[in-house]
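What's in target03.csv: CSV, C-alpha atoms
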```csv
chain,number,residue,atom,x,y,z
A,148,MET,CA,-30.0,-121.5,-16.4
A,149,PRO,CA,-31.1,-120.2,-13.0
A,150,SER,CA,-31.1,-116.4,-12.7
A,151,ALA,CA,-28.8,-114.6,-10.3
A,152,ALA,CA,-31.8,-113.8,-8.1
A,153,GLU,CA,-32.9,-117.5,-8.1
A,154,ARG,CA,-29.4,-118.6,-7.2
A,155,THR,CA,-29.1,-116.1,-4.4
A,156,ARG,CA,-32.6,-117.0,-3.1
A,157,THR,CA,-31.6,-120.6,-3.2
A,158,LEU,CA,-28.5,-120.0,-1.1
A,159,VAL,CA,-30.5,-117.9,1.5
A,160,GLN,CA,-33.0,-120.7,1.9
A,161,SER,CA,-30.5,-123.6,1.8
A,162,THR,CA,-28.4,-125.0,4.6
A,163,CYS,CA,-25.2,-123.3,3.5
A,164,SER,CA,-23.3,-121.4,6.1
A,165,ALA,CA,-24.4,-117.8,6.8
A,166,LEU,CA,-22.9,-115.1,8.9
A,167,LEU,CA,-24.4,-111.7,9.8
A,168,VAL,CA,-22.0,-108.8,9.8
A,169,VAL,CA,-23.1,-105.6,11.6
A,170,PRO,CA,-20.6,-102.8,11.0
A,171,GLY,CA,-19.5,-101.2,14.1
A,172,LEU,CA,-20.5,-104.1,16.4
A,173,ASP,CA,-17.7,-105.2,18.6
A,174,LEU,CA,-17.5,-109.0,18.4
A,175,ALA,CA,-14.0,-109.4,19.7
A,176,ARG,CA,-15.3,-111.3,22.7
A,177,ALA,CA,-18.5,-112.6,21.2
A,178,GLU,CA,-19.5,-115.6,19.1
A,179,PRO,CA,-20.0,-115.2,15.3
A,180,LEU,CA,-23.5,-114.0,14.4
A,181,ILE,CA,-24.8,-117.2,12.9
A,182,PRO,CA,-28.6,-117.2,12.4
A,183,ASP,CA,-30.4,-120.3,13.9
A,184,SER,CA,-32.9,-120.1,11.0
A,185,ARG,CA,-33.5,-117.9,8.0
A,186,SER,CA,-36.4,-117.3,5.7
A,187,VAL,CA,-37.7,-114.8,3.1
A,188,GLY,CA,-40.9,-112.8,3.4
A,189,PRO,CA,-43.3,-112.0,0.6
A,190,GLU,CA,-41.7,-108.6,0.0
A,191,GLY,CA,-38.2,-110.1,-0.3
A,192,ASP,CA,-37.0,-109.2,3.2
A,193,LEU,CA,-34.9,-111.8,5.1
A,194,PHE,CA,-36.0,-113.0,8.6
A,195,LEU,CA,-33.2,-114.2,10.8
A,196,GLU,CA,-33.7,-115.9,14.1
A,197,PHE,CA,-31.2,-115.4,17.0
A,198,PRO,CA,-31.0,-116.1,20.7
A,199,ALA,CA,-32.6,-113.2,22.5
A,200,ASP,CA,-29.3,-112.3,24.2
A,201,SER,CA,-27.4,-112.2,20.9
A,202,PRO,CA,-25.4,-109.0,20.2
A,203,ALA,CA,-27.3,-108.7,16.9
A,204,VAL,CA,-30.6,-108.6,18.8
A,205,ARG,CA,-29.3,-106.0,21.2
A,206,ALA,CA,-28.0,-103.8,18.4
A,207,ALA,CA,-31.2,-104.1,16.4
A,208,THR,CA,-33.4,-103.4,19.5
A,209,HIS,CA,-31.4,-100.3,20.5
A,210,ALA,CA,-31.3,-99.0,17.0
A,211,GLN,CA,-35.1,-98.9,16.6
A,212,GLY,CA,-35.9,-95.7,14.8
A,213,ASP,CA,-32.4,-95.4,13.4
A,214,GLU,CA,-30.9,-97.1,10.4
A,215,LEU,CA,-28.8,-100.1,11.4
A,216,THR,CA,-27.1,-101.6,8.3
A,217,ALA,CA,-26.0,-105.2,8.1
A,218,VAL,CA,-24.8,-107.8,5.6
A,219,LEU,CA,-25.7,-111.5,5.5
A,220,GLU,CA,-22.7,-113.4,4.1
A,221,LEU,CA,-23.4,-116.8,2.6
A,222,SER,CA,-20.8,-119.4,1.7
A,223,ASP,CA,-21.8,-122.4,-0.4
A,224,VAL,CA,-19.5,-125.5,-0.1
A,225,ALA,CA,-19.9,-128.6,-2.2
A,226,PRO,CA,-21.3,-131.5,-0.1
A,227,VAL,CA,-18.9,-134.0,-1.8
A,228,SER,CA,-15.1,-134.3,-1.7
A,229,VAL,CA,-13.8,-132.5,-4.7
A,230,PRO,CA,-11.0,-129.9,-5.5
A,231,HIS,CA,-12.1,-126.3,-5.1
A,232,ARG,CA,-15.1,-127.1,-2.9
A,233,ILE,CA,-16.4,-123.6,-2.5
A,234,ARG,CA,-19.1,-123.3,-5.1
A,235,GLY,CA,-20.1,-119.7,-4.4
A,236,ARG,CA,-20.6,-116.8,-2.1
A,237,ALA,CA,-23.4,-114.2,-1.8
A,238,TRP,CA,-23.9,-111.1,0.1
A,239,VAL,CA,-27.2,-109.5,1.0
A,240,SER,CA,-27.1,-106.1,2.6
A,241,GLY,CA,-29.8,-103.9,4.0
A,242,TRP,CA,-31.3,-102.5,7.2
A,243,LEU,CA,-31.7,-104.6,10.4
A,244,THR,CA,-34.7,-104.3,12.8
A,245,SER,CA,-36.2,-106.6,15.5
A,246,VAL,CA,-39.6,-108.2,15.1
A,247,PRO,CA,-41.0,-108.7,18.6
A,248,GLY,CA,-43.5,-111.5,19.3
A,249,VAL,CA,-42.7,-113.7,16.3
A,250,ALA,CA,-40.0,-116.2,17.6
A,251,GLU,CA,-40.2,-118.7,20.4
A,252,PRO,CA,-39.5,-117.6,24.0
A,253,GLY,CA,-35.8,-116.9,24.4
A,254,ARG,CA,-35.5,-116.2,20.7
A,255,MET,CA,-35.8,-113.1,18.6
A,256,MET,CA,-36.6,-112.6,14.9
A,257,LEU,CA,-34.6,-110.0,13.1
A,258,ARG,CA,-35.7,-108.5,9.8
A,259,LEU,CA,-33.1,-107.6,7.2
A,260,GLU,CA,-34.8,-105.3,4.8
A,261,PHE,CA,-33.3,-106.1,1.4
A,262,GLY,CA,-31.2,-103.3,0.0
A,263,GLU,CA,-28.9,-105.0,-2.5
A,264,ALA,CA,-27.2,-108.3,-3.1
A,265,TYR,CA,-24.3,-109.8,-5.0
A,266,VAL,CA,-23.5,-113.4,-6.0
A,267,ASP,CA,-20.3,-114.9,-7.2
A,268,ASP,CA,-20.6,-118.6,-8.0
A,269,LEU,CA,-20.1,-121.3,-10.6
A,270,TRP,CA,-22.3,-119.3,-13.0
A,271,GLY,CA,-20.5,-116.0,-12.7
A,272,ALA,CA,-20.7,-112.8,-10.7
A,273,GLU,CA,-23.8,-110.6,-10.8
A,274,ASP,CA,-25.7,-107.9,-8.8
A,275,ILE,CA,-29.3,-108.7,-7.8
A,276,GLU,CA,-32.1,-106.1,-7.8
A,277,PRO,CA,-34.6,-106.1,-4.9
A,278,GLU,CA,-37.6,-106.8,-7.2
A,279,ASP,CA,-35.8,-109.7,-8.9
A,280,PHE,CA,-35.0,-111.2,-5.5
A,281,ARG,CA,-38.5,-110.7,-4.2
A,282,ASP,CA,-40.0,-112.4,-7.3
A,283,ALA,CA,-37.5,-115.3,-7.5
A,284,ALA,CA,-38.2,-118.7,-6.0
A,285,PRO,CA,-35.6,-121.1,-4.5
A,286,ASP,CA,-34.7,-124.1,-6.6
A,287,PRO,CA,-37.2,-127.0,-5.9
A,288,LEU,CA,-34.3,-129.4,-5.2
A,289,VAL,CA,-32.6,-127.1,-2.6
A,290,HIS,CA,-33.5,-129.3,0.4
A,291,HIS,CA,-32.5,-132.5,-1.4
A,292,GLU,CA,-29.4,-131.5,-3.3
A,293,ALA,CA,-26.7,-132.4,-0.8
A,294,GLU,CA,-28.1,-135.9,-0.2
A,295,LEU,CA,-28.6,-136.5,-3.9
A,296,LEU,CA,-25.1,-135.4,-4.8
A,297,GLN,CA,-23.6,-137.6,-2.1
A,298,HIS,CA,-25.7,-140.6,-3.4
A,299,LEU,CA,-24.6,-140.0,-7.0
A,300,ALA,CA,-21.0,-139.8,-5.9
A,301,SER,CA,-21.0,-142.9,-3.7
A,302,ALA,CA,-23.5,-145.2,-5.4
A,303,HIS,CA,-23.2,-144.3,-9.1
A,304,ASP,CA,-19.5,-143.7,-9.7
A,305,GLU,CA,-19.3,-145.8,-12.8
A,306,GLN,CA,-22.4,-144.2,-14.3
A,307,MET,CA,-21.0,-140.8,-13.5
A,308,ARG,CA,-17.8,-141.7,-15.4
A,309,THR,CA,-19.8,-142.6,-18.5
A,310,LEU,CA,-20.9,-139.0,-18.8
A,311,CYS,CA,-17.5,-138.2,-20.4
A,312,GLY,CA,-19.0,-139.8,-23.5
A,313,LEU,CA,-21.3,-136.8,-23.9
A,314,LEU,CA,-18.5,-134.2,-23.8
A,315,GLY,CA,-18.0,-133.9,-27.6
A,316,GLU,CA,-14.6,-132.6,-28.5
A,317,ARG,CA,-13.4,-133.1,-24.9
A,318,THR,CA,-14.2,-136.9,-25.1
A,319,ALA,CA,-10.7,-138.0,-26.3
A,320,ARG,CA,-9.1,-136.3,-23.3
A,321,ALA,CA,-11.7,-137.1,-20.7
A,322,CYS,CA,-12.3,-140.7,-21.7
A,323,ALA,CA,-8.7,-141.8,-22.3
A,324,PRO,CA,-7.3,-144.7,-20.4
A,325,GLY,CA,-7.0,-143.7,-16.7
A,326,GLN,CA,-9.9,-141.3,-17.3
A,327,PRO,CA,-10.6,-138.7,-14.6
A,328,SER,CA,-12.9,-139.2,-11.8
A,329,ALA,CA,-16.3,-137.6,-12.3
A,330,VAL,CA,-17.7,-135.9,-9.3
A,331,PRO,CA,-21.2,-134.5,-9.2
A,332,VAL,CA,-20.7,-131.0,-7.8
A,333,ALA,CA,-24.0,-129.2,-8.2
A,334,LEU,CA,-27.6,-130.0,-9.1
A,335,ASP,CA,-30.6,-127.8,-9.8
A,336,ARG,CA,-33.8,-128.1,-11.7
A,337,PHE,CA,-32.1,-127.3,-15.0
A,338,GLY,CA,-29.3,-129.9,-14.9
A,339,LEU,CA,-26.2,-131.5,-13.3
A,340,ARG,CA,-22.7,-130.0,-13.1
A,341,VAL,CA,-19.9,-132.6,-13.0
A,342,ARG,CA,-16.3,-131.9,-12.1
A,343,PHE,CA,-13.9,-134.1,-14.0
A,344,VAL,CA,-10.7,-134.5,-11.9
A,345,GLU,CA,-7.7,-135.5,-14.0
A,346,SER,CA,-5.1,-134.9,-11.3
A,347,LYS,CA,-4.7,-133.1,-8.0
A,348,ASP,CA,-4.0,-129.9,-9.9
A,349,ALA,CA,-6.1,-130.4,-13.1
A,350,CYS,CA,-9.9,-130.5,-13.3
A,351,PHE,CA,-12.7,-129.1,-15.4
A,352,ASP,CA,-16.4,-128.7,-15.1
A,353,ALA,CA,-19.1,-129.9,-17.5
A,354,ARG,CA,-22.8,-129.0,-17.4
A,355,PHE,CA,-25.4,-131.6,-18.4
A,356,GLU,CA,-28.8,-130.0,-19.1
A,357,PHE,CA,-32.0,-131.9,-18.6
A,358,PRO,CA,-34.5,-132.0,-21.5
A,359,GLU,CA,-36.8,-129.7,-19.5
A,360,PRO,CA,-36.6,-128.3,-15.9
A,361,VAL,CA,-37.6,-130.8,-13.2
A,362,ARG,CA,-40.1,-129.9,-10.5
A,363,ASP,CA,-39.4,-132.5,-7.9
A,364,VAL,CA,-37.3,-135.5,-7.0
A,365,THR,CA,-39.5,-137.9,-9.0
A,366,GLU,CA,-39.0,-135.9,-12.2
A,367,LEU,CA,-35.3,-135.7,-11.4
A,368,ARG,CA,-35.0,-139.5,-11.2
A,369,ARG,CA,-36.5,-139.7,-14.7
A,370,ALA,CA,-34.2,-137.0,-16.0
A,371,MET,CA,-31.1,-138.7,-14.5
A,372,HIS,CA,-32.2,-142.0,-16.0
A,373,THR,CA,-32.5,-140.4,-19.5
A,374,LEU,CA,-29.0,-138.8,-19.0
A,375,PHE,CA,-27.3,-142.0,-18.1
A,376,GLU,CA,-29.0,-143.8,-20.9
A,377,ALA,CA,-27.8,-141.2,-23.4
A,378,ALA,CA,-24.2,-141.6,-22.0
A,379,ALA,CA,-24.3,-145.4,-22.2
A,380,SER,CA,-25.4,-145.3,-25.8
```

Step by step, read the file and then write its structure as structure tokens.
Amino acid sequence: MPSAAERTRTLVQSTCSALLVVPGLDLARAEPLIPDSRSVGPEGDLFLEFPADSPAVRAATHAQGDELTAVLELSDVAPVSVPHRIRGRAWVSGWLTSVPGVAEPGRMMLRLEFGEAYVDDLWGAEDIEPEDFRDAAPDPLVHHEAELLQHLASAHDEQMRTLCGLLGERTARACAPGQPSAVPVALDRFGLRVRFVESKDACFDARFEFPEPVRDVTELRRAMHTLFEAAAS
């Protein structure tokens, strides 16, 4: 399974929504502090791009030499229609400074020095140490996951339903007449998570592991073909 650090790194470098919170900054009349881009440096620090006139930029610029704390809040929502769509949240806190001369004109890059992080997602809730976050890599499918899940949900509905045959003791319930819909809710290099929806108020998740971790979309196609073949047999 992916480590907590890998899962958090994946969220940071994905397209999930992100909001920068700077304690003490009055945003009553300002827009939410949503970075235009975000990336991770070699030491594990986060680089967040904002318009040059953003309150976050002004705060970071005026605080040079002082410690300005901030938290990047990440919210991960499933890209398919499914009950309980929020898949996870993560918080990365640290110290905010400006990085002049890196961004395009009219933009400013801010550096969030990694202090600590916490993730609460489909795998569970865990703290992340700075060294673990620095050394982790985002999942190789991160930039393809939304499109792949949407494709599986719309074009492979019947094949998705056959996966109930791999559930073992749950099979009798999941594959009974009027079997639940099977919605692919998360995908990573280790496997596929499917939410079986029995009714508006009843659903459960099942995880289908690949024989070995995939490294790209080509290997994923082979792994999915093997998974569907196993379900069909």

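Among the candidate residues A:Ala237, A:Leu299, A:Leu180, A:Leu221, the one lying nearest to A:Val341 is A:Leu299, with distances computed using only C-alpha atoms.
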
- Query: How far is it from atom CA of A:Ala210 to atom CA of A:Phe280, in Å with one decimal?
  - Reply: 25.9 Å

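Take the candidates A:Thr208, A:Ser201, A:Gln306, A:Thr155 and check each one against A:Val187 using all atoms listed in the file; the shortest distance goes to A:Thr155.
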
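Omitting A:Val364 and its sequence neighbours fewer than 2 positions away, and counting all atoms listed in the file, the residues within 12 Å are Asp286, Pro287, Leu288, Val289, His290, His291, Glu292, Glu294, Leu295, Leu334, Asp335, Arg336, Pro360, Val361, Arg362, Glu366, Leu367, Arg368, Arg369, Ala370 and Met371 of chain A.
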
Writer output for current selection, C-alpha atoms, as a PDB file, keeping the file's coordinate frame:
```
ATOM      1  CA  ASP A 286     -34.700-124.100  -6.600  1.00  0.00           C
ATOM      2  CA  PRO A 287     -37.200-127.000  -5.900  1.00  0.00           C
ATOM      3  CA  LEU A 288     -34.300-129.400  -5.200  1.00  0.00           C
ATOM      4  CA  VAL A 289     -32.600-127.100  -2.600  1.00  0.00           C
ATOM      5  CA  HIS A 290     -33.500-129.300   0.400  1.00  0.00           C
ATOM      6  CA  HIS A 291     -32.500-132.500  -1.400  1.00  0.00           C
ATOM      7  CA  GLU A 292     -29.400-131.500  -3.300  1.00  0.00           C
ATOM      8  CA  GLU A 294     -28.100-135.900  -0.200  1.00  0.00           C
ATOM      9  CA  LEU A 295     -28.600-136.500  -3.900  1.00  0.00           C
ATOM     10  CA  LEU A 334     -27.600-130.000  -9.100  1.00  0.00           C
ATOM     11  CA  ASP A 335     -30.600-127.800  -9.800  1.00  0.00           C
ATOM     12  CA  ARG A 336     -33.800-128.100 -11.700  1.00  0.00           C
ATOM     13  CA  PRO A 360     -36.600-128.300 -15.900  1.00  0.00           C
ATOM     14  CA  VAL A 361     -37.600-130.800 -13.200  1.00  0.00           C
ATOM     15  CA  ARG A 362     -40.100-129.900 -10.500  1.00  0.00           C
ATOM     16  CA  GLU A 366     -39.000-135.900 -12.200  1.00  0.00           C
ATOM     17  CA  LEU A 367     -35.300-135.700 -11.400  1.00  0.00           C
ATOM     18  CA  ARG A 368     -35.000-139.500 -11.200  1.00  0.00           C
ATOM     19  CA  ARG A 369     -36.500-139.700 -14.700  1.00  0.00           C
ATOM     20  CA  ALA A 370     -34.200-137.000 -16.000  1.00  0.00           C
ATOM     21  CA  MET A 371     -31.100-138.700 -14.500  1.00  0.00           C
TER      22      MET A 371
END
```

- Message: Env of A:Ser184: 9 Å cut, atoms = all atoms listed in the file, seq-sep filter 4 positions within chain, self excluded. Answer as a list in words.
- Response: Phe194, Leu195, Glu196 and Phe197 of chain A

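Each of A:Tyr265, A:Phe337, A:Trp242, A:Phe375 was checked against A:Met148 using only C-alpha atoms; the smallest atom-to-atom distance is that of A:Phe337.
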
Can you list, as a PDB file with C-alpha atoms, in the coordinates of the input, every protein, DNA or RNA residue that comes within 10 Å of A:Ala379 when you count all atoms listed in the file, leaving out same-chain residues fewer than 5 positions away?
```pdb
ATOM      1  CA  GLN A 306     -22.400-144.200 -14.300  1.00  0.00           C
ATOM      2  CA  THR A 309     -19.800-142.600 -18.500  1.00  0.00           C
ATOM      3  CA  LEU A 310     -20.900-139.000 -18.800  1.00  0.00           C
ATOM      4  CA  GLY A 312     -19.000-139.800 -23.500  1.00  0.00           C
ATOM      5  CA  LEU A 313     -21.300-136.800 -23.900  1.00  0.00           C
ATOM      6  CA  THR A 373     -32.500-140.400 -19.500  1.00  0.00           C
ATOM      7  CA  LEU A 374     -29.000-138.800 -19.000  1.00  0.00           C
TER       8      LEU A 374
END
```

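Each of A:His372, A:Ala283, A:Thr365, A:Met255 was checked against A:Met307 using all atoms listed in the file; the smallest atom-to-atom distance is that of A:His372.
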
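Closest approach to A:Ala152 among A:Ala165, A:Ala199, A:Leu215, A:Val239: A:Val239, based on only C-alpha atoms.
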
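Interatomic distance, atom CA of A:Leu269 against atom CA of A:Pro149: 11.3 Å.
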